[in-house]
file protein-v1.txt (compact mmCIF, C-alpha atoms)
# COMPACT_ATOMS: atom_id res chain seq x y z
CA MET Q 832 22.33 -28.83 11.96
CA LEU Q 833 25.86 -27.45 11.76
CA TYR Q 834 26.23 -24.73 14.37
CA ARG Q 835 23.88 -26.02 17.09
CA LYS Q 836 25.70 -28.64 19.13
CA TRP Q 837 23.24 -28.94 21.98
CA GLY Q 838 19.80 -30.50 21.87
CA SER Q 839 18.64 -32.17 18.64
CA LYS Q 840 17.13 -31.16 15.33
CA ASN Q 841 13.78 -32.45 16.57
CA ASP Q 842 13.59 -29.90 19.38
CA GLU Q 843 10.55 -27.61 19.10
CA VAL Q 844 12.80 -24.60 19.61
CA ILE Q 845 14.49 -25.30 16.27
CA LYS Q 846 11.20 -24.70 14.46
CA TYR Q 847 10.44 -21.73 16.69
CA THR Q 848 13.67 -19.89 15.98
CA SER Q 849 14.24 -21.04 12.38
CA SER Q 850 14.04 -18.45 9.60
CA ILE Q 851 14.10 -21.03 6.79
CA ASP Q 852 10.67 -20.03 5.44
CA SER Q 853 11.49 -16.34 5.05
CA ASP Q 854 15.05 -17.16 3.91
CA LYS Q 855 13.56 -18.54 0.69
CA GLU Q 856 13.12 -14.93 -0.37
CA ILE Q 857 16.89 -14.32 -0.30
CA PHE Q 858 18.01 -17.72 -1.61
CA GLN Q 859 19.87 -16.44 -4.68
CA GLU Q 860 21.26 -13.41 -2.86
CA VAL Q 861 22.78 -15.59 -0.14
CA LYS Q 862 24.50 -17.72 -2.77
CA LEU Q 863 25.81 -14.60 -4.50
CA VAL Q 864 27.20 -13.17 -1.26
CA MET Q 865 28.93 -16.49 -0.53
CA LYS Q 866 30.52 -16.42 -3.99
CA ALA Q 867 31.86 -12.92 -3.37
CA HIS Q 868 33.32 -14.09 -0.05
CA VAL Q 869 35.00 -17.12 -1.62
CA ILE Q 870 36.43 -14.99 -4.43
CA GLU Q 871 37.74 -12.48 -1.89
CA LEU Q 872 39.49 -15.28 0.05
CA TYR Q 873 41.01 -16.39 -3.25
CA LEU Q 874 42.13 -12.88 -4.26
CA ASP Q 875 43.72 -12.46 -0.83
CA LYS Q 876 45.61 -15.75 -1.44
CA ILE Q 877 44.01 -17.37 1.62
CA ILE Q 878 42.67 -20.24 -0.49
CA ASP Q 879 44.02 -21.42 -3.82
CA LYS Q 880 42.26 -21.69 -7.15
CA LYS Q 881 41.56 -25.40 -6.80
CA ILE Q 882 39.79 -25.03 -3.46
CA SER Q 883 37.94 -21.96 -4.72
CA LYS Q 884 36.65 -23.92 -7.70
CA LYS Q 885 35.39 -26.77 -5.53
CA ILE Q 886 33.56 -24.37 -3.22
CA LEU Q 887 32.06 -22.32 -6.07
CA ASP Q 888 30.94 -25.57 -7.68
CA ALA Q 889 29.15 -26.56 -4.49
CA ILE Q 890 27.47 -23.14 -4.21
CA ASN Q 891 26.20 -23.46 -7.79
CA ASN Q 892 24.77 -26.91 -6.99
CA PHE Q 893 22.94 -25.68 -3.89
CA ASN Q 894 19.43 -25.47 -5.39
CA GLU Q 895 17.08 -26.50 -2.61
CA LEU Q 896 16.59 -25.21 0.91
CA PRO Q 897 16.32 -28.22 3.25
CA GLU Q 898 14.46 -28.32 6.54
CA GLY Q 899 16.13 -28.93 9.89
CA TYR Q 900 18.44 -25.90 9.87
CA GLU Q 901 18.28 -22.63 11.75
CA ASP Q 902 18.62 -20.66 8.53
CA ILE Q 903 19.85 -20.70 4.94
CA HIS Q 904 23.40 -19.74 5.96
CA GLU Q 905 23.82 -22.84 8.11
CA ALA Q 906 22.22 -25.01 5.39
CA LEU Q 907 24.53 -23.62 2.69
CA GLU Q 908 27.70 -24.02 4.73
CA ASP Q 909 26.78 -27.58 5.70
CA PHE Q 910 26.07 -28.38 2.04
CA ILE Q 911 29.46 -26.98 1.00
CA ILE Q 912 31.37 -28.94 3.66
CA LYS Q 913 29.54 -32.17 2.80
CA ASN Q 914 30.30 -31.75 -0.91
CA VAL Q 915 33.80 -30.28 -0.74
CA GLY Q 916 35.11 -31.93 2.39
CA GLU Q 917 37.35 -30.32 4.99
CA ASP Q 918 38.42 -27.54 2.59
CA GLY Q 919 34.84 -26.31 2.56
CA GLY Q 920 35.38 -25.12 6.10
CA TRP Q 921 37.47 -22.20 4.80
CA ILE Q 922 34.27 -20.26 4.10
CA GLY Q 923 33.82 -19.71 7.84
CA LEU Q 924 36.95 -17.53 7.94
CA ALA Q 925 36.36 -13.76 8.07
CA ARG Q 926 32.62 -14.30 7.73
CA SER Q 927 29.60 -14.34 10.00
CA ARG Q 928 25.95 -14.99 9.37
CA ASN Q 929 25.47 -11.45 10.64
CA ASP Q 930 27.30 -9.64 7.85
CA HIS Q 931 26.24 -12.28 5.32
CA VAL Q 932 22.48 -11.84 5.87
CA ALA Q 933 22.76 -8.05 6.11
CA THR Q 934 24.40 -8.05 2.67
CA ALA Q 935 21.89 -10.46 1.13
CA LEU Q 936 18.99 -8.38 2.45
CA ARG Q 937 20.39 -5.25 0.84
CA LEU Q 938 20.91 -7.04 -2.48
CA LYS Q 939 17.31 -8.26 -2.40
CA MET Q 940 15.92 -4.86 -1.38
CA ARG Q 941 18.00 -3.18 -4.08
CA ALA Q 942 16.49 -5.39 -6.78
CA GLU Q 943 12.95 -4.93 -5.43
CA ILE Q 944 13.20 -1.14 -5.24
CA ILE Q 945 14.53 -1.02 -8.81
CA GLU Q 946 11.49 -3.03 -9.97
CA ILE Q 947 9.14 -0.69 -8.12
CA LEU Q 948 10.87 2.37 -9.57
CA GLU Q 949 10.46 0.90 -13.06
CA SER Q 950 6.76 0.20 -12.43
CA ILE Q 951 6.20 3.75 -11.19
CA ILE Q 952 7.86 5.09 -14.35
CA GLU Q 953 5.54 2.96 -16.51
CA LEU Q 954 2.47 4.21 -14.65
CA ARG Q 955 3.64 7.83 -14.87
CA LYS Q 956 4.26 7.42 -18.60
CA LEU Q 957 0.73 6.08 -19.07
CA LEU Q 958 -0.79 8.95 -17.09
CA ILE Q 959 1.10 11.52 -19.16
CA GLU Q 960 0.04 9.93 -22.47
CA LYS Q 961 -3.59 9.62 -21.37
CA SER Q 962 -3.66 13.19 -20.06
CA LYS Q 963 -2.91 14.43 -23.58
CA VAL Q 964 -6.19 12.88 -24.71
CA PHE Q 965 -8.25 14.37 -21.88
CA LYS Q 966 -7.01 17.98 -21.94
CA ASN Q 967 -10.47 19.35 -22.80
CA VAL Q 968 -12.60 16.80 -20.95
CA LEU Q 969 -14.38 18.53 -18.06
CA PHE Q 970 -14.11 16.91 -14.67
CA PRO Q 971 -15.05 17.98 -11.13
CA SER Q 972 -12.51 18.77 -8.44
CA TYR Q 973 -13.34 18.31 -4.78
CA THR Q 974 -12.38 19.58 -1.36
CA HIS Q 975 -13.91 17.82 1.65
CA PHE Q 976 -15.35 15.63 -1.14
CA GLN Q 977 -17.78 18.42 -1.89
CA PRO Q 978 -17.85 19.86 -5.44
CA ALA Q 979 -15.20 22.57 -5.56
CA GLN Q 980 -14.28 23.99 -8.99
CA PRO Q 981 -14.33 22.70 -12.56
CA THR Q 982 -11.18 21.09 -13.87
CA THR Q 983 -10.29 18.52 -16.55
CA PHE Q 984 -9.56 14.84 -16.32
CA SER Q 985 -6.12 15.56 -17.71
CA HIS Q 986 -5.46 17.88 -14.77
CA TYR Q 987 -6.57 15.13 -12.36
CA MET Q 988 -4.32 12.53 -14.01
CA LEU Q 989 -1.32 14.84 -13.79
CA TYR Q 990 -2.03 15.26 -10.09
CA ILE Q 991 -1.50 11.51 -9.74
CA GLU Q 992 1.66 11.71 -11.84
CA GLU Q 993 2.99 14.48 -9.58
CA GLU Q 994 2.39 12.35 -6.49
CA LEU Q 995 4.14 9.38 -8.08
CA SER Q 996 7.03 11.58 -9.20
CA SER Q 997 7.63 12.67 -5.59
CA ARG Q 998 7.47 9.10 -4.33
CA TRP Q 999 9.85 8.02 -7.12
CA ASN Q 1000 12.47 10.58 -6.15
CA ILE Q 1001 12.40 9.63 -2.49
CA LEU Q 1002 12.60 5.91 -3.31
CA PHE Q 1003 15.52 6.53 -5.66
CA SER Q 1004 17.42 8.23 -2.84
CA VAL Q 1005 16.50 5.32 -0.54
CA LEU Q 1006 17.91 2.94 -3.18
CA LYS Q 1007 21.27 4.69 -3.06
CA ASN Q 1008 21.31 4.42 0.72
CA ILE Q 1009 20.47 0.72 0.52
CA ASN Q 1010 23.27 0.13 -1.98
CA ARG Q 1011 26.08 0.03 0.60
CA SER Q 1012 27.85 -3.18 1.59
CA PRO Q 1013 28.03 -4.69 5.10
CA LEU Q 1014 30.15 -7.64 3.90
CA GLY Q 1015 33.43 -8.21 5.73
CA SER Q 1016 32.14 -6.83 9.02
CA GLY Q 1017 32.01 -10.25 10.66
CA ALA Q 1018 29.73 -10.67 13.63
CA VAL Q 1019 30.15 -7.18 15.09
CA VAL Q 1020 33.77 -5.90 15.18
CA GLY Q 1021 35.13 -7.12 11.86
CA THR Q 1022 37.80 -9.79 11.48
CA ASN Q 1023 41.53 -10.27 12.05
CA THR Q 1024 41.86 -11.40 8.44
CA ALA Q 1025 42.77 -8.44 6.23
CA ILE Q 1026 40.13 -8.89 3.53
CA ASN Q 1027 39.32 -6.04 1.18
CA ARG Q 1028 35.78 -4.88 2.04
CA SER Q 1029 35.71 -2.26 -0.72
CA ARG Q 1030 36.59 -4.87 -3.34
CA GLU Q 1031 33.87 -7.19 -2.06
CA ALA Q 1032 31.42 -4.31 -2.27
CA GLU Q 1033 32.47 -3.61 -5.86
CA LEU Q 1034 32.01 -7.25 -6.88
CA LEU Q 1035 28.41 -7.14 -5.65
CA GLY Q 1036 27.58 -3.86 -7.38
CA PHE Q 1037 27.47 -1.73 -4.25
CA ASP Q 1038 28.39 1.96 -4.32
CA ASN Q 1039 30.56 1.71 -1.21
CA ILE Q 1040 30.70 0.08 2.23
CA ILE Q 1041 28.95 0.80 5.50
CA ILE Q 1042 32.04 1.85 7.41
CA ASN Q 1043 31.25 0.97 11.02
CA THR Q 1044 31.01 -2.78 11.55
CA ILE Q 1045 28.41 -2.56 14.33
CA SER Q 1046 26.10 -0.61 12.07
CA ALA Q 1047 26.90 -2.82 9.09
CA THR Q 1048 25.88 -6.04 10.82
CA ALA Q 1049 23.07 -4.91 13.12
CA SER Q 1050 21.33 -1.89 11.61
CA ARG Q 1051 18.09 -2.35 9.70
CA ALA Q 1052 17.24 1.36 9.62
CA ASP Q 1053 17.82 1.62 5.85
CA LEU Q 1054 15.55 -1.35 5.20
CA ILE Q 1055 12.89 0.19 7.43
CA SER Q 1056 13.23 3.45 5.48
CA SER Q 1057 12.52 1.46 2.33
CA VAL Q 1058 9.33 0.00 3.77
CA SER Q 1059 8.36 3.40 5.13
CA GLU Q 1060 8.60 5.01 1.71
CA ILE Q 1061 6.87 2.07 0.01
CA THR Q 1062 4.08 2.44 2.57
CA ASN Q 1063 3.95 6.15 1.72
CA LEU Q 1064 3.56 5.14 -1.92
CA MET Q 1065 0.76 2.75 -0.94
CA ILE Q 1066 -1.21 5.36 0.99
CA SER Q 1067 -0.94 7.75 -1.97
CA MET Q 1068 -2.34 5.00 -4.21
CA SER Q 1069 -4.99 4.23 -1.59
CA ARG Q 1070 -6.33 7.77 -1.93
CA ILE Q 1071 -6.59 7.31 -5.70
CA ALA Q 1072 -8.42 4.02 -5.13
CA GLU Q 1073 -10.86 5.85 -2.86
CA ASP Q 1074 -11.42 8.45 -5.60
CA MET Q 1075 -12.17 5.72 -8.14
CA ILE Q 1076 -14.62 3.99 -5.81
CA LEU Q 1077 -16.53 7.22 -5.22
CA LEU Q 1078 -16.33 8.66 -8.73
CA SER Q 1079 -17.48 5.40 -10.34
CA SER Q 1080 -20.46 5.01 -8.00
CA SER Q 1081 -24.01 5.76 -9.15
CA PHE Q 1082 -24.04 8.73 -6.74
CA THR Q 1083 -21.40 10.60 -8.74
CA GLY Q 1084 -21.16 8.66 -11.99
CA TYR Q 1085 -18.22 10.52 -13.51
CA VAL Q 1086 -16.03 7.54 -14.46
CA LYS Q 1087 -16.48 3.96 -15.57
CA ILE Q 1088 -13.65 1.67 -14.55
CA PRO Q 1089 -12.77 -1.37 -16.70
CA ASP Q 1090 -14.94 -4.49 -16.49
CA SER Q 1091 -11.87 -6.44 -15.42
CA GLN Q 1092 -11.74 -4.39 -12.21
CA VAL Q 1093 -15.36 -4.74 -11.08
CA SER Q 1094 -17.43 -7.55 -9.64
CA THR Q 1095 -21.14 -7.96 -9.22
CA SER Q 1096 -23.18 -9.07 -6.23
CA SER Q 1097 -24.17 -12.67 -5.60
CA LEU Q 1098 -27.74 -11.42 -5.14
CA MET Q 1099 -28.01 -8.07 -6.98
CA PRO Q 1100 -27.13 -8.50 -10.67
CA GLN Q 1101 -26.98 -4.76 -11.46
CA LYS Q 1102 -24.00 -4.11 -9.18
CA ARG Q 1103 -20.59 -2.93 -10.50
CA ASN Q 1104 -18.53 -3.04 -7.34
CA ALA Q 1105 -15.04 -1.50 -7.66
CA VAL Q 1106 -13.48 -4.51 -5.95
CA THR Q 1107 -9.88 -4.02 -7.04
CA MET Q 1108 -9.89 -0.49 -5.67
CA GLU Q 1109 -11.41 -1.72 -2.41
CA ILE Q 1110 -8.64 -4.27 -2.07
CA LEU Q 1111 -5.97 -1.68 -2.95
CA ARG Q 1112 -7.44 0.64 -0.33
CA SER Q 1113 -7.21 -2.12 2.27
CA LYS Q 1114 -3.68 -3.05 1.18
CA GLY Q 1115 -2.58 0.47 2.05
CA GLY Q 1116 -3.72 -0.23 5.59
CA GLU Q 1117 -1.96 -3.58 5.53
CA CYS Q 1118 1.36 -1.90 4.67
CA ILE Q 1119 0.84 0.56 7.52
CA GLY Q 1120 0.41 -2.47 9.80
CA ILE Q 1121 3.56 -4.07 8.40
CA LEU Q 1122 5.55 -0.88 8.95
CA THR Q 1123 4.22 -0.65 12.51
CA SER Q 1124 5.23 -4.29 13.15
CA VAL Q 1125 8.74 -3.74 11.78
CA MET Q 1126 9.30 -0.57 13.79
CA SER Q 1127 7.89 -2.18 16.95
CA ILE Q 1128 10.29 -5.13 16.61
CA TYR Q 1129 13.23 -2.86 15.93
CA LYS Q 1130 12.75 -0.13 18.53
CA GLY Q 1131 13.63 -2.10 21.66
CA ILE Q 1132 16.58 -4.16 20.41
CA PRO Q 1133 19.99 -3.30 21.91
CA SER Q 1134 22.78 -2.45 19.49
CA GLY Q 1135 24.56 -5.40 17.89
CA TYR Q 1136 22.90 -8.35 16.18
CA ASP Q 1137 19.87 -9.92 17.87
CA LEU Q 1138 17.70 -12.71 16.50
CA ASP Q 1139 14.67 -10.40 16.67
CA LEU Q 1140 16.05 -8.87 13.46
CA GLN Q 1141 15.24 -11.96 11.42
CA GLU Q 1142 11.55 -11.51 12.26
CA ILE Q 1143 11.61 -8.20 10.38
CA ASN Q 1144 12.54 -9.86 7.08
CA LYS Q 1145 9.27 -11.58 6.16
CA ASN Q 1146 7.43 -8.29 6.69
CA LEU Q 1147 9.72 -6.47 4.26
CA TRP Q 1148 8.87 -8.78 1.38
CA ASN Q 1149 5.14 -8.78 2.12
CA CYS Q 1150 4.96 -5.01 1.77
CA ILE Q 1151 7.06 -5.14 -1.42
CA LYS Q 1152 4.72 -7.70 -3.01
CA ILE Q 1153 1.68 -5.61 -2.13
CA ALA Q 1154 3.15 -2.45 -3.68
CA LYS Q 1155 4.22 -4.19 -6.90
CA SER Q 1156 0.83 -5.77 -7.52
CA SER Q 1157 -0.99 -2.55 -6.59
CA LEU Q 1158 0.98 -0.56 -9.16
CA GLU Q 1159 0.03 -3.09 -11.85
CA VAL Q 1160 -3.65 -2.93 -10.89
CA LEU Q 1161 -3.67 0.88 -10.98
CA LYS Q 1162 -1.93 0.87 -14.37
CA ASP Q 1163 -4.54 -1.52 -15.75
CA LEU Q 1164 -7.33 0.71 -14.44
CA PHE Q 1165 -6.07 3.88 -16.10
CA GLU Q 1166 -5.43 2.05 -19.37
CA GLY Q 1167 -9.14 1.24 -19.64
CA ILE Q 1168 -10.90 4.02 -17.73
CA GLU Q 1169 -13.79 5.87 -19.38
CA ILE Q 1170 -15.08 9.35 -18.55
CA LEU Q 1171 -18.86 9.55 -18.55
CA ASN Q 1172 -20.67 12.55 -19.99
CA LYS Q 1173 -22.21 13.79 -16.78
CA GLU Q 1174 -22.96 17.48 -16.33
CA ILE Q 1175 -20.92 19.31 -13.71
CA ASP Q 1176 -22.78 21.41 -11.14
CA LYS Q 1177 -22.65 25.02 -12.32
CA SER Q 1178 -22.56 26.25 -8.72
CA THR Q 1179 -18.86 25.30 -8.87
CA LEU Q 1180 -18.43 28.47 -10.98
CA ALA Q 1181 -19.08 30.62 -7.92
CA THR Q 1182 -15.38 31.24 -7.29
CA ASP Q 1183 -14.85 32.31 -10.91
CA GLU Q 1184 -17.75 34.73 -10.58
CA ALA Q 1185 -16.34 36.28 -7.40
CA GLU Q 1186 -12.90 36.63 -9.03
CA LYS Q 1187 -14.49 38.25 -12.08
CA ILE Q 1188 -16.24 40.84 -9.90
CA ALA Q 1189 -13.01 41.50 -8.01
CA ASN Q 1190 -11.07 41.96 -11.24
CA GLU Q 1191 -13.63 44.60 -12.19
CA GLY Q 1192 -12.71 46.68 -9.13
CA LYS Q 1193 -14.54 45.38 -6.05
CA PRO Q 1194 -12.50 43.96 -3.12
CA TYR Q 1195 -12.52 40.18 -3.36
CA ARG Q 1196 -14.03 39.53 0.04
CA GLN Q 1197 -17.02 41.76 -0.75
CA ALA Q 1198 -17.41 40.07 -4.13
CA TYR Q 1199 -17.22 36.70 -2.33
CA PHE Q 1200 -20.05 37.67 0.06
CA ASP Q 1201 -22.19 38.94 -2.81
CA VAL Q 1202 -21.87 35.65 -4.69
CA ALA Q 1203 -22.31 33.58 -1.51
CA ASP Q 1204 -25.58 35.39 -0.78
CA LYS Q 1205 -26.92 34.49 -4.22
CA VAL Q 1206 -25.84 30.86 -3.80
CA MET Q 1207 -27.56 30.60 -0.41
CA HIS Q 1208 -30.80 32.10 -1.77
CA GLY Q 1209 -30.81 29.97 -4.92
CA SER Q 1210 -30.43 32.93 -7.27
CA PHE Q 1211 -26.85 32.36 -8.41
CA SER Q 1212 -26.48 32.29 -12.20
CA PRO Q 1213 -22.92 32.27 -13.57
CA THR Q 1214 -21.99 34.63 -16.39
CA ILE Q 1215 -19.29 32.27 -17.75
CA THR Q 1216 -19.37 28.66 -18.94
CA LEU Q 1217 -17.52 25.69 -17.49
CA ASN Q 1218 -15.11 25.69 -20.42
CA GLU Q 1219 -14.45 29.40 -20.01
CA SER Q 1220 -13.64 28.75 -16.34
CA ILE Q 1221 -10.89 26.33 -17.39
CA GLU Q 1222 -9.53 28.73 -20.02
CA LEU Q 1223 -9.40 31.62 -17.55
CA LYS Q 1224 -6.94 29.85 -15.29
CA SER Q 1225 -3.62 31.67 -15.61
CA VAL Q 1226 -1.03 29.96 -13.39
CA SER Q 1227 1.35 27.10 -14.06
CA GLY Q 1228 -0.07 23.76 -12.93
CA SER Q 1229 -3.69 24.72 -13.61
CA PRO Q 1230 -6.04 22.92 -16.06
CA ASN Q 1231 -5.97 25.65 -18.74
CA PRO Q 1232 -5.20 23.54 -21.86
CA LYS Q 1233 -2.61 26.02 -23.16
CA ILE Q 1234 -0.77 26.11 -19.82
CA LEU Q 1235 -1.19 22.36 -19.40
CA GLU Q 1236 0.44 21.84 -22.77
CA GLU Q 1237 3.56 23.63 -21.52
CA ASP Q 1238 3.42 21.78 -18.21
CA LEU Q 1239 3.29 18.48 -20.09
CA LYS Q 1240 6.60 19.32 -21.75
CA LEU Q 1241 8.23 19.91 -18.34
CA ILE Q 1242 6.63 16.79 -16.88
CA GLY Q 1243 7.78 14.71 -19.87
CA LYS Q 1244 11.35 15.96 -19.47
CA ARG Q 1245 11.24 15.12 -15.77
CA LEU Q 1246 10.12 11.59 -16.55
CA ASP Q 1247 12.85 11.18 -19.18
CA LEU Q 1248 15.50 12.33 -16.70
CA ASP Q 1249 14.23 9.87 -14.10
CA LYS Q 1250 14.30 7.02 -16.64
CA LEU Q 1251 17.85 7.95 -17.61
CA SER Q 1252 19.01 8.19 -13.98
CA LEU Q 1253 17.63 4.74 -13.17
CA SER Q 1254 19.00 3.21 -16.37
CA GLU Q 1255 22.49 4.58 -15.71
CA TYR Q 1256 22.39 3.43 -12.09
CA LYS Q 1257 21.34 -0.10 -13.11
CA SER Q 1258 24.07 -0.20 -15.74
CA LEU Q 1259 26.66 0.77 -13.15
CA ILE Q 1260 25.55 -2.05 -10.85
CA VAL Q 1261 25.61 -4.59 -13.71
CA SER Q 1262 29.04 -3.39 -14.82
CA LYS Q 1263 30.52 -3.85 -11.35
CA MET Q 1264 28.96 -7.27 -10.88
CA GLY Q 1265 30.42 -8.32 -14.21
CA GLN Q 1266 33.81 -8.41 -12.49
CA LEU Q 1267 32.57 -11.13 -10.15
CA ARG Q 1268 31.41 -13.25 -13.08
CA VAL Q 1269 34.72 -12.81 -14.89
CA ILE Q 1270 36.72 -13.92 -11.85
CA GLU Q 1271 34.35 -16.82 -11.19
CA ASP Q 1272 34.65 -17.99 -14.81
CA ASP Q 1273 38.45 -17.83 -14.56
CA ILE Q 1274 38.43 -19.92 -11.36
CA MET Q 1275 36.04 -22.45 -12.86
CA GLN Q 1276 38.53 -23.08 -15.69
CA GLU Q 1277 40.87 -24.71 -13.15
CA GLY Q 1278 41.66 -28.25 -14.20
CA LEU Q 1279 39.73 -28.11 -17.48

call {"tool": "encode", "arguments": {"input": "protein-v1.txt", "output": "structure tokens"}}
result
Amino acid sequence: MLYRKWGSKNDEVIKYTSSIDSDKEIFQEVKLVMKAHVIELYLDKIIDKKISKKILDAINNFNELPEGYEDIHEALEDFIIKNVGEDGGWIGLARSRNDHVATALRLKMRAEIIEILESIIELRKLLIEKSKVFKNVLFPSYTHFQPAQPTTFSHYMLYIEEELSSRWNILFSVLKNINRSPLGSGAVVGTNTAINRSREAELLGFDNIIINTISATASRADLISSVSEITNLMISMSRIAEDMILLSSSFTGYVKIPDSQVSTSSLMPQKRNAVTMEILRSKGGECIGILTSVMSIYKGIPSGYDLDLQEINKNLWNCIKIAKSSLEVLKDLFEGIEILNKEIDKSTLATDEAEKIANEGKPYRQAYFDVADKVMHGSFSPTITLNESIELKSVSGSPNPKILEEDLKLIGKRLDLDKLSLSEYKSLIVSKMGQLRVIEDDIMQEGL
């Protein structure tokens, strides 16, 4: 223990309040933030090159997270002081665990959101490519999970792509909000040492700083927004999982999901249970629970840093892991999905028939009642085919193959723009962080 000077490291309260387990998730980010702080002290001529080198050397050699500390920040500082000596104590100047952890959390969340955005792009790309193959493959659409109107499997896949595109855009805006630096804010009101917060932010690849130091050190609202939007992504995927469970069942029998995604019964050998989709569906609920936990912890905390905030962290990473694995599972499913040749109920042509009558001069509602009467009495017989129904659709976004072909061009361009936006944003981050590596390399040349 370094900071705690009362009691002993064997006290039960040490284990109770320690965040060491969840701090493992931000191990590298904490080291990176400490490097930026040391380099800033050096650039401000508070410590010289020789001391900076010794401290950076110690940070690079900090590779294990020992037990017996309140958190990783205490463990790292103690390691530095033990390896550098008295000069290691300079790292406590103009720095608090409060601004340090807030910065590390944002670095970690930034990297995780980028990975999720890349995974969503890969899934969207797959859906677009597959939809080109299924443009003329008939498929049912549902409302209230009752047969509604004929569509195509391509049209259904592009519905999923549209959902993912919306989630992508919101997450990308969340990423930009996350990418602001709290570093240099101290514990709550900043520091008397005139360090350059904007330069520190630049070294870590941030867009800018969080201006107010109270908000910088104690707000977790941006992190909660991240989990909220990732949960929104999960519940969208949960609905798709529910579709796959129902549509692959013997009751509907429209799709066959890959063998890798099903499991049989321990007693009934004929079963093809859609187990991955069942787990994905439940994981959506798990993320809702995580979000509820995080918001419940956060809502009653007074402004300024409180230790309750550390209990939020483990929940953040759990939801992230769930979303990343769920995206991979869904991608695997659509890579191997098969559409079964099952006839679609021709009663789903009733709307087309009513529209046809209306287009011939009868008010739609009267045409609707005429067709409904035939359906109810079992005498409905459509005058068009299922394929003709698809071809008659005349608005953008519908399953008409000719219209869908044009829509695919727009959707492809949208995906390309998203890929470019993310690539450019990542490159900007990498470029900025390159400055930190250059300065570190220069310092490490001291005495060589």

call {"tool": "residues_around", "arguments": {"input": "protein-v1.txt", "residues": "Ser1178 (chain Q)", "least_positions_apart": "6", "cutoff": "10 Å", "atoms": "all atoms listed in the file", "output": "list in words"}}
result
Pro978, Ala979, Gln980, Pro981, Glu1184, Val1206, Gly1209, Phe1211, Ser1212 and Pro1213 of chain Q

call {"tool": "atom_distance", "arguments": {"input": "protein-v1.txt", "atom1": "CA of Gly916 (chain Q)", "atom2": "CA of Leu896 (chain Q)"}}
result
19.8 Å

call {"tool": "residues_around", "arguments": {"input": "protein-v1.txt", "residues": "Glu898 (chain Q)", "least_positions_apart": "2", "cutoff": "10 Å", "atoms": "only C-alpha atoms", "output": "compact mmCIF listing (two decimals) with C-alpha atoms, keeping the file's coordinate frame"}}
result
# COMPACT_ATOMS: atom_id res chain seq x y z
CA MET Q 832 22.33 -28.83 11.96
CA LYS Q 840 17.13 -31.16 15.33
CA LYS Q 846 11.20 -24.70 14.46
CA SER Q 849 14.24 -21.04 12.38
CA ILE Q 851 14.10 -21.03 6.79
CA ASP Q 852 10.67 -20.03 5.44
CA GLU Q 895 17.08 -26.50 -2.61
CA LEU Q 896 16.59 -25.21 0.91
CA TYR Q 900 18.44 -25.90 9.87
CA GLU Q 901 18.28 -22.63 11.75
CA ASP Q 902 18.62 -20.66 8.53
CA ILE Q 903 19.85 -20.70 4.94
CA ALA Q 906 22.22 -25.01 5.39

call {"tool": "closest_residue", "arguments": {"input": "protein-v1.txt", "among": "Q:His931, Q:Lys881, Q:Arg1103, Q:Arg1245", "to": "Gly919 (chain Q)", "atoms": "all atoms listed in the file"}}
result
Q:Lys881

call {"tool": "residues_around", "arguments": {"input": "protein-v1.txt", "residues": "Leu1259 (chain Q)", "least_positions_apart": "3", "cutoff": "12 Å", "atoms": "only C-alpha atoms", "output": "ChimeraX atom specification"}}
result
/Q:1010,1033-1038,1252-1256,1262-1266
